[in-house]
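Source file: structure03.pdb; contents: PDB, C-alpha atoms.
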```
ATOM      1  CA  MET V1213     196.155 171.599 126.927
ATOM      2  CA  ARG V1214     199.823 170.847 127.262
ATOM      3  CA  ILE V1215     201.817 168.821 124.693
ATOM      4  CA  PRO V1216     204.892 167.035 126.081
ATOM      5  CA  VAL V1217     208.195 168.414 124.778
ATOM      6  CA  GLY V1218     209.281 164.905 123.704
ATOM      7  CA  ARG V1219     206.346 164.608 121.303
ATOM      8  CA  LEU V1220     207.045 168.027 119.820
ATOM      9  CA  LEU V1221     210.671 167.035 119.285
ATOM     10  CA  VAL V1222     209.675 163.803 117.509
ATOM     11  CA  VAL V1223     207.222 165.671 115.263
ATOM     12  CA  ALA V1224     209.867 168.285 114.420
ATOM     13  CA  ILE V1225     212.475 165.628 113.546
ATOM     14  CA  LEU V1226     210.029 163.670 111.387
ATOM     15  CA  SER V1227     208.922 166.848 109.599
ATOM     16  CA  VAL V1228     212.492 167.699 108.666
ATOM     17  CA  ALA V1229     213.252 164.114 107.614
ATOM     18  CA  PHE V1230     210.190 163.823 105.372
ATOM     19  CA  SER V1231     210.705 167.258 103.838
ATOM     20  CA  ALA V1232     214.021 165.996 102.411
ATOM     21  CA  CYS V1233     212.234 163.151 100.617
ATOM     22  CA  GLY V1234     210.460 163.335  97.280
ATOM     23  CA  PRO V1235     210.509 166.019  94.599
ATOM     24  CA  ALA V1236     211.471 168.872  96.926
ATOM     25  CA  GLY V1237     214.391 166.850  98.326
ATOM     26  CA  PRO V1238     218.053 167.506  97.616
ATOM     27  CA  TYR V1239     218.302 165.114  94.624
ATOM     28  CA  HIS V1240     215.362 166.416  92.612
ATOM     29  CA  LYS V1241     216.409 167.448  89.118
ATOM     30  CA  PRO V1242     214.436 170.244  87.426
ATOM     31  CA  LEU V1243     211.993 168.792  84.920
ATOM     32  CA  VAL V1244     211.367 169.834  81.353
ATOM     33  CA  GLY V1245     208.128 168.807  79.816
ATOM     34  CA  PRO V1246     205.767 167.602  78.805
ATOM     35  CA  ILE V1247     207.274 164.814  76.748
ATOM     36  CA  LYS V1248     204.665 163.076  74.610
ATOM     37  CA  GLY V1249     204.255 160.735  71.680
ATOM     38  CA  GLN V1250     202.201 157.914  70.217
ATOM     39  CA  VAL V1251     203.101 154.239  69.865
ATOM     40  CA  LEU V1252     201.795 152.216  66.946
ATOM     41  CA  VAL V1253     202.265 148.437  67.037
ATOM     42  CA  ASP V1254     201.967 146.753  63.645
ATOM     43  CA  GLY V1255     200.415 150.015  62.396
ATOM     44  CA  ASN V1256     197.767 150.297  65.140
ATOM     45  CA  PRO V1257     197.580 152.532  68.239
ATOM     46  CA  THR V1258     198.179 150.220  71.201
ATOM     47  CA  ALA V1259     197.349 150.482  74.891
ATOM     48  CA  GLY V1260     199.601 149.211  77.657
ATOM     49  CA  VAL V1261     203.035 149.699  76.100
ATOM     50  CA  ARG V1262     205.538 150.664  78.837
ATOM     51  CA  ILE V1263     208.120 153.283  77.807
ATOM     52  CA  LEU V1264     211.316 153.841  79.806
ATOM     53  CA  ALA V1265     213.804 156.692  79.212
ATOM     54  CA  HIS V1266     217.403 155.664  79.985
ATOM     55  CA  GLU V1267     219.822 158.570  80.344
ATOM     56  CA  GLU V1268     222.851 158.179  78.096
ATOM     57  CA  GLY V1269     226.072 157.797  80.010
ATOM     58  CA  GLY V1270     224.206 156.256  82.934
ATOM     59  CA  GLY V1271     223.019 159.541  84.451
ATOM     60  CA  ASN V1272     223.490 160.064  88.175
ATOM     61  CA  ALA V1273     224.572 156.620  89.417
ATOM     62  CA  GLU V1274     224.136 157.541  93.087
ATOM     63  CA  HIS V1275     220.575 158.879  92.654
ATOM     64  CA  PRO V1276     219.243 157.484  89.379
ATOM     65  CA  THR V1277     215.907 158.362  87.853
ATOM     66  CA  LEU V1278     214.075 156.352  85.222
ATOM     67  CA  PRO V1279     211.388 158.434  83.525
ATOM     68  CA  SER V1280     208.539 156.304  82.252
ATOM     69  CA  GLY V1281     205.114 156.279  80.678
ATOM     70  CA  LEU V1282     202.343 153.935  79.610
ATOM     71  CA  THR V1283     200.310 154.209  76.428
ATOM     72  CA  ASP V1284     196.554 154.786  76.599
ATOM     73  CA  ALA V1285     193.894 153.233  74.327
ATOM     74  CA  ASP V1286     194.950 155.546  71.464
ATOM     75  CA  GLY V1287     198.656 154.710  71.871
ATOM     76  CA  ASN V1288     199.369 158.170  73.338
ATOM     77  CA  PHE V1289     201.769 158.639  76.231
ATOM     78  CA  THR V1290     203.483 161.265  78.343
ATOM     79  CA  LEU V1291     206.670 160.632  80.286
ATOM     80  CA  GLY V1292     207.061 161.318  83.979
ATOM     81  CA  THR V1293     209.957 161.141  86.406
ATOM     82  CA  TYR V1294     208.497 161.736  89.867
ATOM     83  CA  ASP V1295     204.764 161.725  89.019
ATOM     84  CA  GLN V1296     202.816 160.495  86.001
ATOM     85  CA  GLY V1297     203.389 162.826  83.054
ATOM     86  CA  ASP V1298     205.382 165.432  84.995
ATOM     87  CA  GLY V1299     208.253 165.547  82.471
ATOM     88  CA  VAL V1300     211.896 164.541  82.220
ATOM     89  CA  PRO V1301     215.140 166.221  83.359
ATOM     90  CA  ALA V1302     217.246 167.789  80.587
ATOM     91  CA  GLY V1303     219.581 165.315  78.923
ATOM     92  CA  ASN V1304     219.929 162.724  76.190
ATOM     93  CA  TYR V1305     217.999 159.483  76.508
ATOM     94  CA  LYS V1306     217.387 156.178  74.744
ATOM     95  CA  LEU V1307     213.816 154.892  74.924
ATOM     96  CA  THR V1308     212.912 151.262  75.508
ATOM     97  CA  PHE V1309     209.534 149.582  75.111
ATOM     98  CA  SER V1310     207.834 146.515  76.544
ATOM     99  CA  TRP V1311     204.297 145.211  76.160
ATOM    100  CA  SER V1312     202.863 142.359  78.161
ATOM    101  CA  GLY V1313     199.256 143.096  77.310
ATOM    102  CA  GLY V1314     198.267 142.312  80.883
ATOM    103  CA  GLY V1315     199.632 145.200  82.903
ATOM    104  CA  LEU V1316     203.002 145.784  84.501
ATOM    105  CA  MET V1317     202.697 143.073  87.156
ATOM    106  CA  SER V1318     200.853 140.478  85.059
ATOM    107  CA  GLY V1319     203.814 138.134  84.678
ATOM    108  CA  LYS V1320     203.004 137.756  80.985
ATOM    109  CA  PRO V1321     205.937 137.750  78.540
ATOM    110  CA  ASP V1322     206.866 140.790  76.465
ATOM    111  CA  LYS V1323     204.943 140.605  73.173
ATOM    112  CA  PHE V1324     207.937 142.255  71.497
ATOM    113  CA  GLY V1325     210.176 139.371  72.555
ATOM    114  CA  GLY V1326     212.588 141.830  74.201
ATOM    115  CA  ARG V1327     213.509 143.462  70.856
ATOM    116  CA  TYR V1328     212.953 146.978  72.195
ATOM    117  CA  ALA V1329     214.076 146.421  75.800
ATOM    118  CA  ASN V1330     217.810 147.188  75.565
ATOM    119  CA  PRO V1331     218.847 150.863  75.740
ATOM    120  CA  ALA V1332     222.217 150.004  74.150
ATOM    121  CA  THR V1333     220.491 148.931  70.920
ATOM    122  CA  SER V1334     217.551 151.352  70.991
ATOM    123  CA  LYS V1335     216.994 153.380  67.838
ATOM    124  CA  VAL V1336     214.656 155.853  69.555
ATOM    125  CA  ASP V1337     216.448 158.925  70.911
ATOM    126  CA  LEU V1338     215.025 161.612  73.178
ATOM    127  CA  LYS V1339     216.846 164.915  73.556
ATOM    128  CA  VAL V1340     215.403 167.118  76.295
ATOM    129  CA  ALA V1341     216.642 170.699  76.496
ATOM    130  CA  ASP V1342     214.376 173.583  77.412
ATOM    131  CA  GLY V1343     210.791 172.887  76.406
ATOM    132  CA  PRO V1344     208.122 170.387  75.472
ATOM    133  CA  VAL V1345     209.034 167.513  73.143
ATOM    134  CA  ASP V1346     206.611 165.741  70.813
ATOM    135  CA  LEU V1347     208.128 162.479  69.623
ATOM    136  CA  GLY V1348     205.326 161.978  67.106
ATOM    137  CA  LYS V1349     204.493 158.428  66.041
ATOM    138  CA  ILE V1350     206.830 155.640  67.074
ATOM    139  CA  GLU V1351     206.263 152.491  65.016
ATOM    140  CA  LEU V1352     207.029 149.100  66.576
ATOM    141  CA  THR V1353     206.320 145.558  65.370
ATOM    142  CA  THR V1354     205.564 142.230  67.001
ATOM    143  CA  LYS V1355     207.253 140.361  64.136
TER     144      LYS V1355
END
```
Can you present the structure in this file as structure tokens?
Amino acid sequence: MRIPVGRLLVVAILSVAFSACGPAGPYHKPLVGPIKGQVLVDGNPTAGVRILAHEEGGGNAEHPTLPSGLTDADGNFTLGTYDQGDGVPAGNYKLTFSWSGGGLMSGKPDKFGGRYANPATSKVDLKVADGPVDLGKIELTTK
């Protein structure tokens, strides 16, 4: 069976192009992890709280990353950058929180009223250096 040279060339070009995408690509930062914690809302573990880690100083403006996580039924979360829970690149971050109670794409308003959505006013810091980080309990309120 003979494969036309043109098809082989297309496959070779696509293989090279796709190998430069994703975590093994040229803009992948080494990850440190895991980063974990627990969110309590009004004193109770809460599911569905979205956590975003904003790198202080803006990070790499040309190729930004925005590590994120979502709390489970016990309020526990891990942060991931390229895949769920895979960790966060070394650096200093401000964490923000939102909670619609209906999933990320529900269109429901943030039950926190946006109080925890601005990295410039966030009081929750994350410093990632060379190993796992446990943020412990993070207490938020709906009031």
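The neighbours of segment 1254-1259 of chain V here are the residues that come within 9 Å of it, using all atoms listed in the file and leaving out any residue fewer than 4 positions away in the same chain; they are Gln1250, Leu1282, Thr1283, Asp1284, Ala1285, Asp1286, Gly1287, Asn1288, Trp1311, Gly1313, Glu1351, Leu1352, Thr1353, Thr1354 and Lys1355 of chain V.
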| What's the 8 Å shell around Lys1349 of chain V, counting all atoms listed in the file, without same-chain residues fewer than 4 positions away, as JSON, numbers by chain? | {"V": [1249, 1250, 1251, 1252]}
| Long-range neighbours of Val1336 of chain V as an MDAnalysis selection string, 10 Å cut-off, all atoms listed in the file, 5 positions minimum in chain | chainID V and resid 1265 1305:1309 1328 1331 1347 1350
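We find atom CA of Gly1297 of chain V and atom CA of Leu1243 of chain V to be spaced 10.6 Å apart.
The residue that comes closest to Val1300 of chain V, out of V:Arg1327, V:Pro1279, V:Lys1320, V:Arg1262 and on the basis of only C-alpha atoms, is V:Pro1279.
Interatomic distance, atom CA of Gly1245 of chain V against atom CA of Ser1280 of chain V: 12.7 Å.
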| Leaving out Gly1281 of chain V and any residue of its chain fewer than 6 positions from it, which residues lie within 6 Å of it when counting all atoms listed in the file, given as JSON, numbers by chain? | {"V": [1262, 1263, 1290, 1291]}
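With all atoms listed in the file as the atoms that count, the residue of V:Gln1296, V:Val1244, V:His1266, V:Ala1302 with the shortest distance to Asp1337 of chain V is V:His1266.
The closest residue to Thr1277 of chain V, picked from V:Gly1260, V:Pro1344, V:Gly1326, V:Pro1301 and counting only C-alpha atoms, is V:Pro1301.
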| request: One decimal, Å: what's the distance from atom CA of Ile1247 of chain V over to atom CA of Gly1299 of chain V, could you say? | output: 5.9 Å
Build an axis-aligned box that encloses every atom of segment 1319-1325 of chain V listed in the file, pad it by 4 Å on each side, and report its centre and edge lengths in Å to one decimal, as JSON.
```
{"center_x": 206.6, "center_y": 140.0, "center_z": 78.1, "size_x": 15.2, "size_y": 12.5, "size_z": 21.2}
```
| For Asp1346 of chain V, which residue among V:Lys1241, V:Ser1334, V:Val1253, V:Phe1289 is the nearest when counting all atoms listed in the file? | V:Phe1289
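Nearest to Ala1329 of chain V of all the residues V:Leu1278, V:Pro1246, V:Leu1264, V:Gly1303 is V:Leu1264, based on all atoms listed in the file.
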Please complete segment 1255-1280 of chain V with N, CA, C and O atoms and give it back as a short mmCIF file (atom, residue, chain, number, x, y, z; two decimals), in the frame of the given file.
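Result file follows (result.cif):
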```
data_model
loop_
_atom_site.label_atom_id
_atom_site.label_comp_id
_atom_site.auth_asym_id
_atom_site.auth_seq_id
_atom_site.Cartn_x
_atom_site.Cartn_y
_atom_site.Cartn_z
N GLY V 1255 201.23 149.00 63.05
CA GLY V 1255 200.42 150.01 62.40
C GLY V 1255 199.20 150.50 63.17
O GLY V 1255 198.49 151.38 62.71
N ASN V 1256 198.96 149.94 64.37
CA ASN V 1256 197.77 150.30 65.14
C ASN V 1256 198.13 150.94 66.47
O ASN V 1256 199.06 150.47 67.15
N PRO V 1257 197.38 151.98 66.89
CA PRO V 1257 197.58 152.53 68.24
C PRO V 1257 197.36 151.42 69.26
O PRO V 1257 196.42 150.63 69.13
N THR V 1258 198.22 151.35 70.27
CA THR V 1258 198.18 150.22 71.20
C THR V 1258 198.26 150.69 72.64
O THR V 1258 199.15 151.46 73.00
N ALA V 1259 197.35 150.17 73.46
CA ALA V 1259 197.35 150.48 74.89
C ALA V 1259 198.29 149.54 75.64
O ALA V 1259 198.49 148.40 75.23
N GLY V 1260 198.83 150.05 76.74
CA GLY V 1260 199.60 149.21 77.66
C GLY V 1260 201.06 149.01 77.32
O GLY V 1260 201.71 148.14 77.90
N VAL V 1261 201.61 149.79 76.40
CA VAL V 1261 203.04 149.70 76.10
C VAL V 1261 203.78 150.55 77.12
O VAL V 1261 203.48 151.73 77.30
N ARG V 1262 204.73 149.97 77.83
CA ARG V 1262 205.54 150.66 78.84
C ARG V 1262 206.75 151.26 78.15
O ARG V 1262 207.48 150.58 77.42
N ILE V 1263 206.98 152.56 78.37
CA ILE V 1263 208.12 153.28 77.81
C ILE V 1263 209.03 153.70 78.96
O ILE V 1263 208.56 154.25 79.95
N LEU V 1264 210.32 153.41 78.82
CA LEU V 1264 211.32 153.84 79.81
C LEU V 1264 212.36 154.70 79.11
O LEU V 1264 212.78 154.38 77.99
N ALA V 1265 212.78 155.79 79.75
CA ALA V 1265 213.80 156.69 79.21
C ALA V 1265 215.09 156.51 80.01
O ALA V 1265 215.16 156.85 81.18
N HIS V 1266 216.11 155.95 79.35
CA HIS V 1266 217.40 155.66 79.98
C HIS V 1266 218.38 156.77 79.61
O HIS V 1266 218.67 156.98 78.43
N GLU V 1267 218.90 157.47 80.62
CA GLU V 1267 219.82 158.57 80.34
C GLU V 1267 221.13 158.03 79.80
O GLU V 1267 221.71 157.10 80.37
N GLU V 1268 221.58 158.61 78.69
CA GLU V 1268 222.85 158.18 78.10
C GLU V 1268 223.99 158.49 79.06
O GLU V 1268 223.97 159.50 79.76
N GLY V 1269 224.95 157.62 79.10
CA GLY V 1269 226.07 157.80 80.01
C GLY V 1269 225.74 157.35 81.42
O GLY V 1269 226.53 157.56 82.34
N GLY V 1270 224.56 156.78 81.62
CA GLY V 1270 224.21 156.26 82.93
C GLY V 1270 223.58 157.26 83.87
O GLY V 1270 223.05 156.87 84.91
N GLY V 1271 223.63 158.55 83.57
CA GLY V 1271 223.02 159.54 84.45
C GLY V 1271 223.71 159.60 85.80
O GLY V 1271 224.88 159.29 85.93
N ASN V 1272 222.97 159.96 86.82
CA ASN V 1272 223.49 160.06 88.18
C ASN V 1272 223.42 158.69 88.83
O ASN V 1272 222.36 158.24 89.25
N ALA V 1273 224.54 157.99 88.91
CA ALA V 1273 224.57 156.62 89.42
C ALA V 1273 224.16 156.54 90.89
O ALA V 1273 223.58 155.55 91.32
N GLU V 1274 224.46 157.57 91.66
CA GLU V 1274 224.14 157.54 93.09
C GLU V 1274 222.64 157.74 93.33
O GLU V 1274 222.07 157.16 94.24
N HIS V 1275 222.00 158.58 92.51
CA HIS V 1275 220.58 158.88 92.65
C HIS V 1275 219.91 158.81 91.28
O HIS V 1275 219.52 159.83 90.72
N PRO V 1276 219.78 157.61 90.74
CA PRO V 1276 219.24 157.48 89.38
C PRO V 1276 217.75 157.76 89.31
O PRO V 1276 217.02 157.61 90.29
N THR V 1277 217.32 158.23 88.15
CA THR V 1277 215.91 158.36 87.85
C THR V 1277 215.65 157.57 86.58
O THR V 1277 216.56 157.37 85.76
N LEU V 1278 214.44 157.10 86.42
CA LEU V 1278 214.08 156.35 85.22
C LEU V 1278 212.69 156.83 84.77
O LEU V 1278 211.67 156.25 85.13
N PRO V 1279 212.67 157.93 84.00
CA PRO V 1279 211.39 158.43 83.52
C PRO V 1279 210.64 157.34 82.76
O PRO V 1279 211.26 156.53 82.05
N SER V 1280 209.32 157.35 82.90
CA SER V 1280 208.54 156.30 82.25
C SER V 1280 207.16 156.81 81.87
O SER V 1280 206.72 157.88 82.28
#
```
